[in-house]
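Below: one structure, written as structure tokens.
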Amino acid sequence: MIEVKKHGILLSKTDLEFENEGVLNPAIIRQGDNVHIYYRAVSTGNHSTLGYCRLDGPLTIAERWEKPFMVPEFDYESQGVEDARITKIDDVFYMTYTGYDGINARGALATSRDLKHFEKHGLIAPPVTYAEFVSIVESSNKVNEEYWLNQKFYYQSTDKEKKKLLWDKNIIFFPRRINNKLVFLHRLRPGIQLVTVKNTQELTREFWLDYFRNLHKHIVLDPLHKHESAYIGGGCPPIETPQGWLIIYHGVEKTEKGLVYSACAALLDIDNPARELARLPYALFSPEYDWELTGEVNNVVFPTGTALFGNTLFVYYGAADSHVATASVKLADLVDELLKYTVQREP
């Protein structure tokens, strides 16, 4: 098994009003010797903004703001700006995050050229209801039925009469264009899917309806192993290696003690990232310490960003929905380990 070193808690909540309930799930990007962190900051009443922190090297805090970096401005994010990821494509930083309006949680986009000033571009998740989605994918009979058997998740007893839009979270861009196209991962339970477009203006309602009619062609990963048997979702932005795109994602297992979130790893084809090359049959790392086992949500490690220093890949993650923590692994060793578990395809 691959050796993972945990470095413990990096950031915790403070007495500041905007982050007095918890900090978690950070967007991470390295520039020079600095690591910029845009973390989810939760205040009383479960309202989320993004906080900002800068590291000198992978682990040393050099700066931390005492006010939110990004706050809700529009109806689609009125109750929360959550769980950001960040990727640089050419000279533009693409920050994706979940906008929560109190009922719906859907992916949105903001961009920047300097990591200080971000322009919001609104939602890029599909503008369809869960019911519309079900009517399309159920009739296709080409995807795992779990894609359309989520009624208990969408229509809870407290809000049966409310029409929910399709929740589409964990939108994560690849760090360069592939075949001159923007490419991003996203998550419709229970798997991870891939979108390829010339530009984000293509992401219209008509685009998404056609996409759902052929959803089986866009699924990158579905749950496979025990530690990810409930569902999976995107984690950190993909990392380009000579052997393929390394993705570190989250997997969820339903156990007697509830849901357990683990960090997982897979390798995708460099030219066709819809093609899975390899996947670890065990979790990269799972909750084991008190600060991962007990918190706002117990038994959670939720990877959302990485920074590479030499051959050491630092993985930043939310711990029990209460802290930001860090683990590290040798990148070459992880890729070599993955290549032991290549996907067997029919000739």
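Chain labels A, B, ... are given in the sequence in which chains occur in the structure tokens; within each chain residues are numbered consecutively from 1, and ligands are likewise numbered from 1 in the order shown.
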Selection near stretch 62-69 of chain A, 12 Å with only C-alpha atoms, sequence-local residues under 2 positions removed, as a PyMOL selection string: chain A and resi 10-20+23+33-43+47-60+71-72+81+84+115-118
The selected residues should be written to file as a short mmCIF file (atom, residue, chain, number, x, y, z; two decimals), in the first residue's frame (atoms: C-alpha atoms).
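Once everything was written out, this is again_3.cif:
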```cif
data_model
loop_
_atom_site.label_atom_id
_atom_site.label_comp_id
_atom_site.auth_asym_id
_atom_site.auth_seq_id
_atom_site.Cartn_x
_atom_site.Cartn_y
_atom_site.Cartn_z
CA LEU A 10 -3.76 23.39 9.41
CA LEU A 11 -6.74 25.71 10.00
CA SER A 12 -9.58 25.71 12.52
CA LYS A 13 -12.49 27.99 13.30
CA THR A 14 -11.89 31.27 15.16
CA ASP A 15 -14.02 33.66 17.19
CA LEU A 16 -14.53 35.81 14.08
CA GLU A 17 -18.21 35.94 13.19
CA PHE A 18 -17.83 34.63 9.63
CA GLU A 19 -15.94 31.47 10.67
CA ASN A 20 -17.11 30.73 14.21
CA VAL A 23 -13.54 25.95 8.35
CA ASP A 33 6.73 29.47 -2.95
CA ASN A 34 3.26 30.43 -1.76
CA VAL A 35 0.12 28.33 -1.46
CA HIS A 36 -3.10 30.32 -1.70
CA ILE A 37 -6.05 28.86 0.21
CA TYR A 38 -9.70 29.81 -0.29
CA TYR A 39 -11.49 27.85 2.39
CA ARG A 40 -15.13 27.44 3.26
CA ALA A 41 -15.89 29.47 6.37
CA VAL A 42 -19.11 28.64 8.23
CA SER A 43 -20.88 31.02 10.59
CA HIS A 47 -24.08 30.34 6.35
CA SER A 48 -20.92 29.94 4.29
CA THR A 49 -18.45 32.38 2.76
CA LEU A 50 -14.88 31.88 1.54
CA GLY A 51 -12.00 32.78 3.81
CA TYR A 52 -8.45 33.39 2.62
CA CYS A 53 -5.09 32.19 3.86
CA ARG A 54 -1.60 32.24 2.33
CA LEU A 55 1.12 29.76 3.17
CA ASP A 56 4.87 30.16 2.90
CA GLY A 57 5.77 26.71 1.58
CA PRO A 58 3.30 23.86 2.03
CA LEU A 59 2.53 24.16 5.74
CA THR A 60 3.53 27.54 7.24
CA VAL A 71 -19.50 36.42 0.07
CA PRO A 72 -22.96 35.68 -1.36
CA VAL A 81 -20.61 30.15 -1.15
CA ALA A 84 -14.38 26.04 -3.94
CA LEU A 115 -6.02 35.71 -7.43
CA LYS A 116 -7.28 38.85 -5.70
CA HIS A 117 -10.19 40.05 -7.82
CA PHE A 118 -12.66 37.44 -9.01
#
```
query: Any idea what's packed within 8 Å of stretch 236-241 of chain A, counting only C-alpha atoms, ignoring anything in its chain fewer than 4 positions away? Could you give it as a PyMOL selection string?
result: chain A and resi 85-87+172-175+245-249+270+303-306
Would you save the residues from that selection as a PDB file, in the first residue's frame, using C-alpha atoms?
```pdb
ATOM      1  CA  ARG A  85     -11.776  24.530  -6.258  1.00  0.00           C
ATOM      2  CA  ILE A  86      -9.299  26.492  -8.342  1.00  0.00           C
ATOM      3  CA  THR A  87      -7.352  25.773 -11.516  1.00  0.00           C
ATOM      4  CA  ILE A 172     -13.507  20.930 -11.271  1.00  0.00           C
ATOM      5  CA  PHE A 173     -11.648  22.144 -14.376  1.00  0.00           C
ATOM      6  CA  PHE A 174      -8.604  20.415 -15.839  1.00  0.00           C
ATOM      7  CA  PRO A 175      -5.539  22.714 -15.725  1.00  0.00           C
ATOM      8  CA  TRP A 245      -4.198  12.538 -15.274  1.00  0.00           C
ATOM      9  CA  LEU A 246      -4.035  11.785 -11.566  1.00  0.00           C
ATOM     10  CA  ILE A 247      -7.302  12.527  -9.813  1.00  0.00           C
ATOM     11  CA  ILE A 248      -7.799  12.431  -6.069  1.00  0.00           C
ATOM     12  CA  TYR A 249     -11.509  12.199  -5.335  1.00  0.00           C
ATOM     13  CA  ILE A 270      -4.030  12.013 -20.944  1.00  0.00           C
ATOM     14  CA  PRO A 303      -9.840  16.310  -0.400  1.00  0.00           C
ATOM     15  CA  THR A 304     -10.237  19.505  -2.420  1.00  0.00           C
ATOM     16  CA  GLY A 305      -6.769  20.709  -3.432  1.00  0.00           C
ATOM     17  CA  THR A 306      -3.101  19.830  -3.821  1.00  0.00           C
TER      18      THR A 306
END
```
field: Using only C-alpha atoms: which of A:Cys264, A:Ala131, A:Val143, A:Leu182 has the shortest distance to A:Leu215
entry: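 Among the listed residues, the smallest separation from A:Leu215 belongs to A:Val143.
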task: Would you list the contacts of A:Phe212 as an MDAnalysis selection string, taking every protein, DNA or RNA residue within 12 Å and counting only C-alpha atoms, but skipping same-chain residues closer than 2 positions in sequence?
output: chainID A and resid 126 128 130 132:143 147:148 166 188 193:195 205:210 214:219
C-alpha atoms of the current selection, written as an mmCIF file, in the first residue's frame:
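Contents of part-v7.cif, as written:
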```cif
data_model
loop_
_atom_site.group_PDB
_atom_site.id
_atom_site.type_symbol
_atom_site.label_atom_id
_atom_site.label_comp_id
_atom_site.auth_asym_id
_atom_site.auth_seq_id
_atom_site.Cartn_x
_atom_site.Cartn_y
_atom_site.Cartn_z
ATOM 1 C CA PRO A 126 -27.625 22.307 -15.513
ATOM 2 C CA VAL A 128 -33.161 21.516 -14.888
ATOM 3 C CA TYR A 130 -34.438 16.612 -10.641
ATOM 4 C CA GLU A 132 -36.689 16.334 -15.622
ATOM 5 C CA PHE A 133 -33.348 14.622 -15.189
ATOM 6 C CA VAL A 134 -35.004 11.412 -13.993
ATOM 7 C CA SER A 135 -37.425 11.332 -16.919
ATOM 8 C CA ILE A 136 -34.500 11.420 -19.362
ATOM 9 C CA VAL A 137 -31.978 9.035 -17.803
ATOM 10 C CA GLU A 138 -34.523 6.471 -16.566
ATOM 11 C CA SER A 139 -35.853 5.924 -20.090
ATOM 12 C CA SER A 140 -32.349 5.500 -21.542
ATOM 13 C CA ASN A 141 -31.751 2.338 -19.488
ATOM 14 C CA LYS A 142 -28.009 2.779 -19.994
ATOM 15 C CA VAL A 143 -26.838 4.018 -16.595
ATOM 16 C CA TYR A 147 -28.654 7.889 -10.933
ATOM 17 C CA TRP A 148 -32.422 8.115 -10.838
ATOM 18 C CA LEU A 166 -30.804 18.934 -10.012
ATOM 19 C CA LEU A 188 -24.289 13.657 -10.374
ATOM 20 C CA GLN A 193 -18.840 12.706 -15.134
ATOM 21 C CA LEU A 194 -16.925 14.740 -17.742
ATOM 22 C CA VAL A 195 -17.928 17.787 -19.799
ATOM 23 C CA ARG A 205 -30.313 24.201 -21.028
ATOM 24 C CA GLU A 206 -30.408 22.588 -24.482
ATOM 25 C CA PHE A 207 -26.789 21.456 -24.100
ATOM 26 C CA TRP A 208 -27.543 19.778 -20.797
ATOM 27 C CA LEU A 209 -30.720 18.056 -21.999
ATOM 28 C CA ASP A 210 -28.782 16.502 -24.879
ATOM 29 C CA ASN A 214 -26.250 10.354 -23.596
ATOM 30 C CA LEU A 215 -25.163 10.410 -19.972
ATOM 31 C CA HIS A 216 -23.642 6.927 -20.159
ATOM 32 C CA LYS A 217 -21.016 8.275 -22.575
ATOM 33 C CA HIS A 218 -19.899 10.938 -20.115
ATOM 34 C CA ILE A 219 -19.431 8.878 -16.951
#
```
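Distance check against A:Asp83 using only C-alpha atoms: of A:Asn104, A:Thr200, A:Asn180, A:Asn25, the minimum falls on A:Asn25.
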- prompt: Pick the closest to A:Gly310 from A:Thr96, A:Ser328, A:Gln344, A:Thr129: which is it, counting only C-alpha atoms?
  reply: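 Of A:Thr96, A:Ser328, A:Gln344, A:Thr129, the one nearest A:Gly310 is A:Ser328, counting only C-alpha atoms.
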task: Per DSSP on the backbone, filter stretch 136-285 of chain A down to the residues in strand (DSSP E) and report them as a ChimeraX atom specification.
output: /A:169-173,182-187,192-197,219-221,231-233,239-241,244-255,258-268,276-279
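Nearest residue to A:Thr294, choosing from A:His121, A:Arg279, A:Arg106, A:His323 and counting only C-alpha atoms: A:His323.
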- request: Could you check which of A:Tyr289, A:Thr204, A:Val301, A:Ala266 is closest to A:Val343, using only C-alpha atoms?
  value: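 When distances to A:Val343 are compared using only C-alpha atoms, the smallest one comes from A:Ala266.
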Please, which residues of stretch 105-243 of chain A, numbered as in this document, come out helix (DSSP H, G or I) from DSSP, as a compact mmCIF listing (two decimals) with C-alpha atoms, in the first residue's frame?
```txt
# COMPACT_ATOMS: atom_id res chain seq x y z
CA TYR A 130 -34.44 16.61 -10.64
CA ALA A 131 -37.72 15.30 -12.10
CA GLU A 132 -36.69 16.33 -15.62
CA PHE A 133 -33.35 14.62 -15.19
CA VAL A 134 -35.00 11.41 -13.99
CA SER A 135 -37.42 11.33 -16.92
CA ILE A 136 -34.50 11.42 -19.36
CA VAL A 137 -31.98 9.03 -17.80
CA GLU A 138 -34.52 6.47 -16.57
CA SER A 139 -35.85 5.92 -20.09
CA SER A 140 -32.35 5.50 -21.54
CA GLU A 145 -30.26 2.99 -11.61
CA GLU A 146 -28.78 4.85 -8.64
CA TYR A 147 -28.65 7.89 -10.93
CA GLN A 151 -35.93 10.48 -4.37
CA LYS A 152 -35.20 10.23 -0.64
CA PHE A 153 -32.28 12.59 -1.08
CA TYR A 154 -34.15 15.13 -3.19
CA SER A 157 -40.32 14.60 4.25
CA THR A 158 -39.86 18.24 5.25
CA ASP A 159 -40.11 19.63 1.72
CA THR A 200 -18.75 28.01 -20.88
CA GLN A 201 -21.33 29.88 -22.95
CA GLU A 202 -22.16 26.51 -24.53
CA ARG A 205 -30.31 24.20 -21.03
CA GLU A 206 -30.41 22.59 -24.48
CA PHE A 207 -26.79 21.46 -24.10
CA TRP A 208 -27.54 19.78 -20.80
CA LEU A 209 -30.72 18.06 -22.00
CA ASP A 210 -28.78 16.50 -24.88
CA TYR A 211 -25.95 15.62 -22.50
CA PHE A 212 -28.35 13.72 -20.23
CA ARG A 213 -29.76 11.75 -23.16
CA LEU A 215 -25.16 10.41 -19.97
CA HIS A 216 -23.64 6.93 -20.16
CA LYS A 217 -21.02 8.28 -22.57
CA LYS A 226 -16.12 -1.08 -0.80
CA HIS A 227 -14.75 2.23 0.52
CA GLU A 228 -16.63 4.12 -2.24
```
message: So the first atom is atom CA of A:Val315 and the second is atom CA of A:Asp222; what is the distance between them in Å, to one decimal place?
response: 22.5 Å
- request: Determine the nearest neighbour of A:Tyr341 from the options A:Leu280, A:Glu119, A:Leu203, A:Asp91, counting only C-alpha atoms.
  value: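 For A:Tyr341, the nearest of the candidates is A:Leu280.
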message: For A:Leu277, find every residue with an atom within 7 Å (counting only C-alpha atoms), except residues of its own chain fewer than 5 positions away, and show them as a list in words.
response: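 Counting only the stated atoms, we get Leu267, Leu268, Asp269, Thr342 and Val343 of chain A.
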message: What's the separation between atom CA of A:Tyr97 and atom CA of A:Ala332, in Å to one decimal place?
response: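 Atom CA of A:Tyr97 sits 29.6 Å away from atom CA of A:Ala332.
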